[in-house]
Amino acid sequence: MEGRCQMQASRIFIIGSGVVGVATGRGFLAAGHDVTFIDTDTSRLDELRSVYGLDARAELDLRDELDSFVFLTLPTPNVGWEYDLRAFTAGTTSVGQALADSPGRHTVVVRSTVPPGTTEGLVRSVLERCSGRVA
(Lines give C-alpha, C1' and ligand atoms only; values in the text may rest on other atoms or scores of the structure.)
Protein backbone atom coordinates (compact mmCIF):
# COMPACT_ATOMS: atom_id res chain seq x y z
CA MET A 1 0.00 0.00 0.00
CA GLU A 2 1.47 3.36 -0.98
CA GLY A 3 2.29 5.86 1.69
CA ARG A 4 2.50 3.28 4.46
CA CYS A 5 5.54 3.22 6.69
CA GLN A 6 7.40 -0.08 6.47
CA MET A 7 9.26 -1.37 9.51
CA GLN A 8 12.69 -2.78 8.84
CA ALA A 9 13.08 -6.40 9.91
CA SER A 10 15.07 -6.77 13.10
CA ARG A 11 17.21 -9.49 14.62
CA ILE A 12 15.46 -10.75 17.75
CA PHE A 13 16.56 -13.19 20.41
CA ILE A 14 14.04 -14.72 22.81
CA ILE A 15 15.65 -15.85 26.07
CA GLY A 16 13.33 -18.46 27.57
CA SER A 17 11.03 -20.48 25.35
CA GLY A 18 7.98 -21.06 27.48
CA VAL A 19 4.47 -19.96 26.61
CA VAL A 20 5.29 -16.22 26.70
CA GLY A 21 8.59 -16.59 24.85
CA VAL A 22 7.19 -18.71 22.03
CA ALA A 23 4.12 -16.49 21.61
CA THR A 24 6.34 -13.38 21.52
CA GLY A 25 8.78 -14.93 19.07
CA ARG A 26 6.09 -16.29 16.76
CA GLY A 27 4.46 -12.87 16.66
CA PHE A 28 7.75 -11.32 15.57
CA LEU A 29 8.29 -14.09 13.01
CA ALA A 30 4.85 -13.41 11.54
CA ALA A 31 5.82 -9.74 11.22
CA GLY A 32 8.90 -10.71 9.18
CA HIS A 33 11.65 -10.53 11.80
CA ASP A 34 14.59 -12.90 12.19
CA VAL A 35 13.99 -14.70 15.52
CA THR A 36 16.19 -17.09 17.49
CA PHE A 37 14.94 -18.87 20.61
CA ILE A 38 17.39 -19.54 23.45
CA ASP A 39 16.64 -22.07 26.17
CA THR A 40 18.47 -24.43 28.53
CA ASP A 41 15.89 -27.22 28.22
CA THR A 42 17.19 -29.57 25.51
CA SER A 43 13.83 -31.29 25.01
CA ARG A 44 12.19 -27.90 24.49
CA LEU A 45 14.90 -26.95 21.98
CA ASP A 46 14.37 -30.24 20.10
CA GLU A 47 10.62 -29.59 19.98
CA LEU A 48 11.06 -26.03 18.71
CA ARG A 49 13.42 -27.25 15.97
CA SER A 50 11.79 -30.51 14.88
CA VAL A 51 8.08 -29.81 15.37
CA TYR A 52 7.94 -26.10 14.59
CA GLY A 53 11.04 -25.63 12.40
CA LEU A 54 12.29 -22.72 14.52
CA ASP A 55 15.85 -21.51 15.08
CA ALA A 56 16.46 -22.67 18.66
CA ARG A 57 19.79 -22.76 20.48
CA ALA A 58 21.17 -23.58 23.92
CA GLU A 59 23.37 -20.47 24.18
CA LEU A 60 23.21 -16.84 23.18
CA ASP A 61 26.16 -15.93 20.96
CA LEU A 62 26.36 -12.27 19.95
CA ARG A 63 29.98 -12.24 18.70
CA ASP A 64 28.96 -11.85 15.06
CA GLU A 65 25.75 -9.95 15.69
CA LEU A 66 25.20 -6.32 14.94
CA ASP A 67 22.29 -4.50 16.58
CA SER A 68 19.48 -6.68 17.90
CA PHE A 69 16.70 -6.94 20.44
CA VAL A 70 17.01 -9.46 23.29
CA PHE A 71 13.77 -10.34 25.07
CA LEU A 72 13.97 -11.83 28.55
CA THR A 73 10.94 -14.13 28.78
CA LEU A 74 12.18 -16.20 31.68
CA PRO A 75 10.15 -17.91 34.41
CA THR A 76 9.55 -15.95 37.60
CA PRO A 77 7.36 -18.19 39.76
CA ASN A 78 5.78 -16.50 42.71
CA VAL A 79 3.90 -17.25 45.89
CA GLY A 80 1.97 -14.17 46.92
CA TRP A 81 4.37 -11.24 46.70
CA GLU A 82 7.51 -13.40 46.77
CA TYR A 83 9.16 -14.02 43.38
CA ASP A 84 11.80 -16.65 42.64
CA LEU A 85 14.20 -14.77 40.36
CA ARG A 86 16.95 -17.43 40.15
CA ALA A 87 16.22 -18.48 36.55
CA PHE A 88 15.64 -14.86 35.59
CA THR A 89 18.97 -13.80 37.12
CA ALA A 90 20.83 -16.70 35.48
CA GLY A 91 19.37 -15.80 32.07
CA THR A 92 20.22 -12.13 32.54
CA THR A 93 23.78 -13.11 33.50
CA SER A 94 24.18 -15.13 30.30
CA VAL A 95 22.91 -12.18 28.25
CA GLY A 96 25.44 -9.88 29.96
CA GLN A 97 28.25 -12.30 29.19
CA ALA A 98 27.18 -12.50 25.54
CA LEU A 99 27.05 -8.70 25.32
CA ALA A 100 30.69 -8.50 26.42
CA ASP A 101 31.82 -10.17 23.18
CA SER A 102 29.53 -8.33 20.79
CA PRO A 103 30.42 -5.49 18.44
CA GLY A 104 26.81 -4.31 18.16
CA ARG A 105 24.34 -2.34 20.24
CA HIS A 106 21.62 -4.48 21.70
CA THR A 107 18.37 -3.52 23.35
CA VAL A 108 17.37 -5.80 26.22
CA VAL A 109 13.64 -5.98 26.92
CA VAL A 110 12.08 -7.52 30.03
CA ARG A 111 8.99 -9.51 29.02
CA SER A 112 8.62 -11.45 32.28
CA THR A 113 6.45 -10.68 35.27
CA VAL A 114 8.86 -9.19 37.79
CA PRO A 115 8.54 -7.06 40.92
CA PRO A 116 8.77 -3.26 40.51
CA GLY A 117 12.36 -2.04 40.27
CA THR A 118 13.73 -5.29 38.81
CA THR A 119 14.62 -3.81 35.42
CA GLU A 120 16.52 -0.79 36.74
CA GLY A 121 17.92 -2.68 39.71
CA LEU A 122 18.72 -6.32 39.03
CA VAL A 123 18.70 -6.41 35.22
CA ARG A 124 20.70 -3.26 34.65
CA SER A 125 23.31 -4.05 37.32
CA VAL A 126 23.77 -7.66 36.17
CA LEU A 127 24.06 -6.67 32.50
CA GLU A 128 26.59 -3.91 33.26
CA ARG A 129 28.66 -6.10 35.60
CA CYS A 130 28.75 -9.10 33.24
CA SER A 131 29.26 -7.17 30.01
CA GLY A 132 31.66 -4.48 31.17
CA ARG A 133 29.39 -1.96 29.42
CA VAL A 134 27.18 0.85 30.66
CA ALA A 135 23.47 0.84 29.83
# chains A, B, ... in the order shown; residues from 1 in each chain; ligands from 1
>>> residues_around(residues="range 120-122 of chain A", least_positions_apart="4", cutoff="10 Å", atoms="only C-alpha atoms", output="PDB file with N, CA and C atoms, in the first residue's frame")
ATOM      1  N   LEU A  85      13.524 -15.374  41.506  1.00  0.00           N
ATOM      2  CA  LEU A  85      14.201 -14.772  40.359  1.00  0.00           C
ATOM      3  C   LEU A  85      15.494 -15.493  39.981  1.00  0.00           C
ATOM      4  N   PHE A  88      15.599 -16.174  36.227  1.00  0.00           N
ATOM      5  CA  PHE A  88      15.642 -14.860  35.589  1.00  0.00           C
ATOM      6  C   PHE A  88      17.036 -14.243  35.711  1.00  0.00           C
ATOM      7  N   THR A  89      17.632 -14.342  36.901  1.00  0.00           N
ATOM      8  CA  THR A  89      18.972 -13.799  37.123  1.00  0.00           C
ATOM      9  C   THR A  89      20.009 -14.569  36.317  1.00  0.00           C
ATOM     10  N   THR A  92      19.702 -13.487  32.695  1.00  0.00           N
ATOM     11  CA  THR A  92      20.218 -12.127  32.542  1.00  0.00           C
ATOM     12  C   THR A  92      21.746 -12.139  32.575  1.00  0.00           C
ATOM     13  N   PRO A 116       8.340  -4.622  40.873  1.00  0.00           N
ATOM     14  CA  PRO A 116       8.766  -3.260  40.515  1.00  0.00           C
ATOM     15  C   PRO A 116      10.233  -3.033  40.891  1.00  0.00           C
ATOM     16  N   VAL A 126      23.202  -6.399  36.639  1.00  0.00           N
ATOM     17  CA  VAL A 126      23.769  -7.664  36.172  1.00  0.00           C
ATOM     18  C   VAL A 126      24.326  -7.508  34.757  1.00  0.00           C
ATOM     19  N   LEU A 127      23.581  -6.858  33.879  1.00  0.00           N
ATOM     20  CA  LEU A 127      24.064  -6.667  32.504  1.00  0.00           C
ATOM     21  C   LEU A 127      25.346  -5.846  32.481  1.00  0.00           C
ATOM     22  N   ALA A 135      24.774   0.744  30.509  1.00  0.00           N
ATOM     23  CA  ALA A 135      23.474   0.836  29.826  1.00  0.00           C
ATOM     24  C   ALA A 135      23.180   2.281  29.489  1.00  0.00           C
TER      25      ALA A 135
END
>>> closest_residue(among="A:Val79, A:Val109, A:Ala9, A:Leu54", to="Gly25 in chain A", atoms="only C-alpha atoms")
A:Leu54
>>> closest_residue(among="A:Val114, A:Val134, A:Leu72, A:Val51", to="Thr24 in chain A", atoms="only C-alpha atoms")
A:Leu72
>>> residues_around(residues="Leu48 in chain A", least_positions_apart="4", cutoff="12 Å", atoms="only C-alpha atoms", output="list in words")
Gly16, Ser17, Gly18, Val19, Gly21, Val22, Gly25, Arg26, Thr36, Phe37, Ile38, Asp39, Asp41, Thr42, Ser43, Arg44, Tyr52, Gly53, Leu54, Asp55, Ala56, Arg57 and Ala58 of chain A
>>> write_last_selection(atoms="N, CA, C and O atoms", output="PDB file, in the first residue's frame")
ATOM      1  N   GLY A  16      14.386 -17.754  26.846  1.00  0.00           N
ATOM      2  CA  GLY A  16      13.328 -18.457  27.572  1.00  0.00           C
ATOM      3  C   GLY A  16      12.210 -18.792  26.611  1.00  0.00           C
ATOM      4  O   GLY A  16      11.578 -17.900  26.054  1.00  0.00           O
ATOM      5  N   SER A  17      11.973 -20.060  26.386  1.00  0.00           N
ATOM      6  CA  SER A  17      11.028 -20.475  25.349  1.00  0.00           C
ATOM      7  C   SER A  17       9.797 -21.168  25.912  1.00  0.00           C
ATOM      8  O   SER A  17       9.346 -22.191  25.399  1.00  0.00           O
ATOM      9  N   GLY A  18       9.246 -20.575  26.941  1.00  0.00           N
ATOM     10  CA  GLY A  18       7.980 -21.062  27.480  1.00  0.00           C
ATOM     11  C   GLY A  18       6.829 -20.473  26.688  1.00  0.00           C
ATOM     12  O   GLY A  18       6.997 -20.013  25.548  1.00  0.00           O
ATOM     13  N   VAL A  19       5.668 -20.450  27.288  1.00  0.00           N
ATOM     14  CA  VAL A  19       4.470 -19.955  26.609  1.00  0.00           C
ATOM     15  C   VAL A  19       4.649 -18.506  26.152  1.00  0.00           C
ATOM     16  O   VAL A  19       4.377 -18.164  24.998  1.00  0.00           O
ATOM     17  N   GLY A  21       7.487 -16.721  25.798  1.00  0.00           N
ATOM     18  CA  GLY A  21       8.588 -16.588  24.851  1.00  0.00           C
ATOM     19  C   GLY A  21       8.213 -17.040  23.450  1.00  0.00           C
ATOM     20  O   GLY A  21       8.489 -16.354  22.462  1.00  0.00           O
ATOM     21  N   VAL A  22       7.582 -18.189  23.352  1.00  0.00           N
ATOM     22  CA  VAL A  22       7.193 -18.708  22.035  1.00  0.00           C
ATOM     23  C   VAL A  22       6.130 -17.815  21.391  1.00  0.00           C
ATOM     24  O   VAL A  22       6.205 -17.506  20.200  1.00  0.00           O
ATOM     25  N   GLY A  25       7.936 -14.645  20.233  1.00  0.00           N
ATOM     26  CA  GLY A  25       8.777 -14.930  19.068  1.00  0.00           C
ATOM     27  C   GLY A  25       7.982 -15.215  17.809  1.00  0.00           C
ATOM     28  O   GLY A  25       8.312 -14.739  16.724  1.00  0.00           O
ATOM     29  N   ARG A  26       6.918 -15.983  17.938  1.00  0.00           N
ATOM     30  CA  ARG A  26       6.093 -16.295  16.760  1.00  0.00           C
ATOM     31  C   ARG A  26       5.402 -15.040  16.216  1.00  0.00           C
ATOM     32  O   ARG A  26       5.228 -14.894  15.014  1.00  0.00           O
ATOM     33  N   THR A  36      15.501 -15.918  16.950  1.00  0.00           N
ATOM     34  CA  THR A  36      16.189 -17.090  17.493  1.00  0.00           C
ATOM     35  C   THR A  36      15.739 -17.287  18.933  1.00  0.00           C
ATOM     36  O   THR A  36      15.745 -16.337  19.720  1.00  0.00           O
ATOM     37  N   PHE A  37      15.359 -18.512  19.252  1.00  0.00           N
ATOM     38  CA  PHE A  37      14.937 -18.865  20.608  1.00  0.00           C
ATOM     39  C   PHE A  37      16.123 -19.462  21.356  1.00  0.00           C
ATOM     40  O   PHE A  37      16.836 -20.304  20.824  1.00  0.00           O
ATOM     41  N   ILE A  38      16.312 -19.028  22.600  1.00  0.00           N
ATOM     42  CA  ILE A  38      17.392 -19.536  23.452  1.00  0.00           C
ATOM     43  C   ILE A  38      16.755 -20.167  24.686  1.00  0.00           C
ATOM     44  O   ILE A  38      15.908 -19.552  25.337  1.00  0.00           O
ATOM     45  N   ASP A  39      17.179 -21.394  25.002  1.00  0.00           N
ATOM     46  CA  ASP A  39      16.638 -22.070  26.173  1.00  0.00           C
ATOM     47  C   ASP A  39      17.659 -23.085  26.675  1.00  0.00           C
ATOM     48  O   ASP A  39      18.512 -23.546  25.913  1.00  0.00           O
ATOM     49  N   ASP A  41      16.585 -25.940  28.228  1.00  0.00           N
ATOM     50  CA  ASP A  41      15.887 -27.221  28.217  1.00  0.00           C
ATOM     51  C   ASP A  41      16.065 -27.884  26.849  1.00  0.00           C
ATOM     52  O   ASP A  41      15.459 -27.458  25.857  1.00  0.00           O
ATOM     53  N   THR A  42      16.888 -28.938  26.797  1.00  0.00           N
ATOM     54  CA  THR A  42      17.195 -29.570  25.509  1.00  0.00           C
ATOM     55  C   THR A  42      15.962 -30.183  24.844  1.00  0.00           C
ATOM     56  O   THR A  42      15.847 -30.145  23.621  1.00  0.00           O
ATOM     57  N   SER A  43      15.036 -30.730  25.632  1.00  0.00           N
ATOM     58  CA  SER A  43      13.834 -31.294  25.012  1.00  0.00           C
ATOM     59  C   SER A  43      12.972 -30.187  24.402  1.00  0.00           C
ATOM     60  O   SER A  43      12.357 -30.384  23.351  1.00  0.00           O
ATOM     61  N   ARG A  44      12.946 -29.035  25.037  1.00  0.00           N
ATOM     62  CA  ARG A  44      12.193 -27.895  24.486  1.00  0.00           C
ATOM     63  C   ARG A  44      12.850 -27.418  23.196  1.00  0.00           C
ATOM     64  O   ARG A  44      12.162 -27.120  22.218  1.00  0.00           O
ATOM     65  N   TYR A  52       8.338 -27.408  15.102  1.00  0.00           N
ATOM     66  CA  TYR A  52       7.941 -26.098  14.589  1.00  0.00           C
ATOM     67  C   TYR A  52       8.904 -25.504  13.563  1.00  0.00           C
ATOM     68  O   TYR A  52       8.611 -24.469  12.968  1.00  0.00           O
ATOM     69  N   GLY A  53      10.072 -26.119  13.383  1.00  0.00           N
ATOM     70  CA  GLY A  53      11.039 -25.627  12.405  1.00  0.00           C
ATOM     71  C   GLY A  53      11.652 -24.281  12.767  1.00  0.00           C
ATOM     72  O   GLY A  53      12.026 -23.502  11.890  1.00  0.00           O
ATOM     73  N   LEU A  54      11.776 -24.009  14.066  1.00  0.00           N
ATOM     74  CA  LEU A  54      12.294 -22.715  14.519  1.00  0.00           C
ATOM     75  C   LEU A  54      13.794 -22.773  14.788  1.00  0.00           C
ATOM     76  O   LEU A  54      14.352 -23.841  15.056  1.00  0.00           O
ATOM     77  N   ASP A  55      14.446 -21.637  14.724  1.00  0.00           N
ATOM     78  CA  ASP A  55      15.854 -21.510  15.079  1.00  0.00           C
ATOM     79  C   ASP A  55      15.920 -21.481  16.606  1.00  0.00           C
ATOM     80  O   ASP A  55      15.489 -20.508  17.228  1.00  0.00           O
ATOM     81  N   ALA A  56      16.420 -22.552  17.199  1.00  0.00           N
ATOM     82  CA  ALA A  56      16.463 -22.672  18.658  1.00  0.00           C
ATOM     83  C   ALA A  56      17.844 -23.153  19.072  1.00  0.00           C
ATOM     84  O   ALA A  56      18.363 -24.120  18.513  1.00  0.00           O
ATOM     85  N   ARG A  57      18.422 -22.468  20.054  1.00  0.00           N
ATOM     86  CA  ARG A  57      19.792 -22.764  20.479  1.00  0.00           C
ATOM     87  C   ARG A  57      19.891 -22.792  22.002  1.00  0.00           C
ATOM     88  O   ARG A  57      19.077 -22.198  22.700  1.00  0.00           O
ATOM     89  N   ALA A  58      20.955 -23.448  22.477  1.00  0.00           N
ATOM     90  CA  ALA A  58      21.174 -23.576  23.916  1.00  0.00           C
ATOM     91  C   ALA A  58      21.906 -22.372  24.504  1.00  0.00           C
ATOM     92  O   ALA A  58      21.836 -22.145  25.705  1.00  0.00           O
TER      93      ALA A  58
END
>>> select_by_dssp(residues="range 59-134 of chain A", states="alpha helix (DSSP H)", output="CSV table (one decimal) with N, CA and C atoms, in the first residue's frame")
chain,number,residue,atom,x,y,z
A,86,ARG,N,15.7,-16.7,40.5
A,86,ARG,CA,16.9,-17.4,40.2
A,86,ARG,C,17.1,-17.7,38.7
A,87,ALA,N,16.1,-18.2,38.0
A,87,ALA,CA,16.2,-18.5,36.5
A,87,ALA,C,16.3,-17.2,35.8
A,88,PHE,N,15.6,-16.2,36.2
A,88,PHE,CA,15.6,-14.9,35.6
A,88,PHE,C,17.0,-14.2,35.7
A,89,THR,N,17.6,-14.3,36.9
A,89,THR,CA,19.0,-13.8,37.1
A,89,THR,C,20.0,-14.6,36.3
A,90,ALA,N,19.9,-15.9,36.3
A,90,ALA,CA,20.8,-16.7,35.5
A,90,ALA,C,20.7,-16.3,34.0
A,91,GLY,N,19.5,-16.2,33.5
A,91,GLY,CA,19.4,-15.8,32.1
A,91,GLY,C,19.9,-14.4,31.8
A,92,THR,N,19.7,-13.5,32.7
A,92,THR,CA,20.2,-12.1,32.5
A,92,THR,C,21.7,-12.1,32.6
A,93,THR,N,22.3,-13.0,33.4
A,93,THR,CA,23.8,-13.1,33.5
A,93,THR,C,24.3,-13.6,32.2
A,94,SER,N,23.7,-14.6,31.6
A,94,SER,CA,24.2,-15.1,30.3
A,94,SER,C,24.1,-14.1,29.2
A,95,VAL,N,23.0,-13.3,29.2
A,95,VAL,CA,22.9,-12.2,28.2
A,95,VAL,C,24.0,-11.2,28.4
A,96,GLY,N,24.3,-10.8,29.7
A,96,GLY,CA,25.4,-9.9,30.0
A,96,GLY,C,26.8,-10.4,29.5
A,97,GLN,N,27.0,-11.7,29.7
A,97,GLN,CA,28.2,-12.3,29.2
A,97,GLN,C,28.3,-12.3,27.7
A,98,ALA,N,27.2,-12.5,27.0
A,98,ALA,CA,27.2,-12.5,25.5
A,98,ALA,C,27.4,-11.1,25.0
A,99,LEU,N,26.9,-10.1,25.7
A,99,LEU,CA,27.1,-8.7,25.3
A,99,LEU,C,28.5,-8.3,25.4
A,100,ALA,N,29.3,-8.9,26.3
A,100,ALA,CA,30.7,-8.5,26.4
A,100,ALA,C,31.5,-8.8,25.1
A,124,ARG,N,19.7,-4.2,35.1
A,124,ARG,CA,20.7,-3.3,34.7
A,124,ARG,C,22.0,-3.6,35.3
A,125,SER,N,22.0,-3.8,36.6
A,125,SER,CA,23.3,-4.0,37.3
A,125,SER,C,24.0,-5.3,36.9
A,126,VAL,N,23.2,-6.4,36.6
A,126,VAL,CA,23.8,-7.7,36.2
A,126,VAL,C,24.3,-7.5,34.8
A,127,LEU,N,23.6,-6.9,33.9
A,127,LEU,CA,24.1,-6.7,32.5
A,127,LEU,C,25.3,-5.8,32.5
A,128,GLU,N,25.4,-4.8,33.2
A,128,GLU,CA,26.6,-3.9,33.3
A,128,GLU,C,27.8,-4.7,33.9
A,129,ARG,N,27.6,-5.4,34.9
A,129,ARG,CA,28.7,-6.1,35.6
A,129,ARG,C,29.2,-7.2,34.7
A,130,CYS,N,28.3,-8.0,34.0
A,130,CYS,CA,28.8,-9.1,33.2
A,130,CYS,C,29.3,-8.7,31.9
A,131,SER,N,28.8,-7.6,31.3
A,131,SER,CA,29.3,-7.2,30.0
A,131,SER,C,30.4,-6.2,30.0
>>> closest_residue(among="A:Asp46, A:Leu60, A:Pro103, A:Ile14", to="Thr73 in chain A", atoms="only C-alpha atoms")
A:Ile14
>>> atom_distance(atom1="CA of Thr113 in chain A", atom2="CA of Thr40 in chain A")
19.5 Å
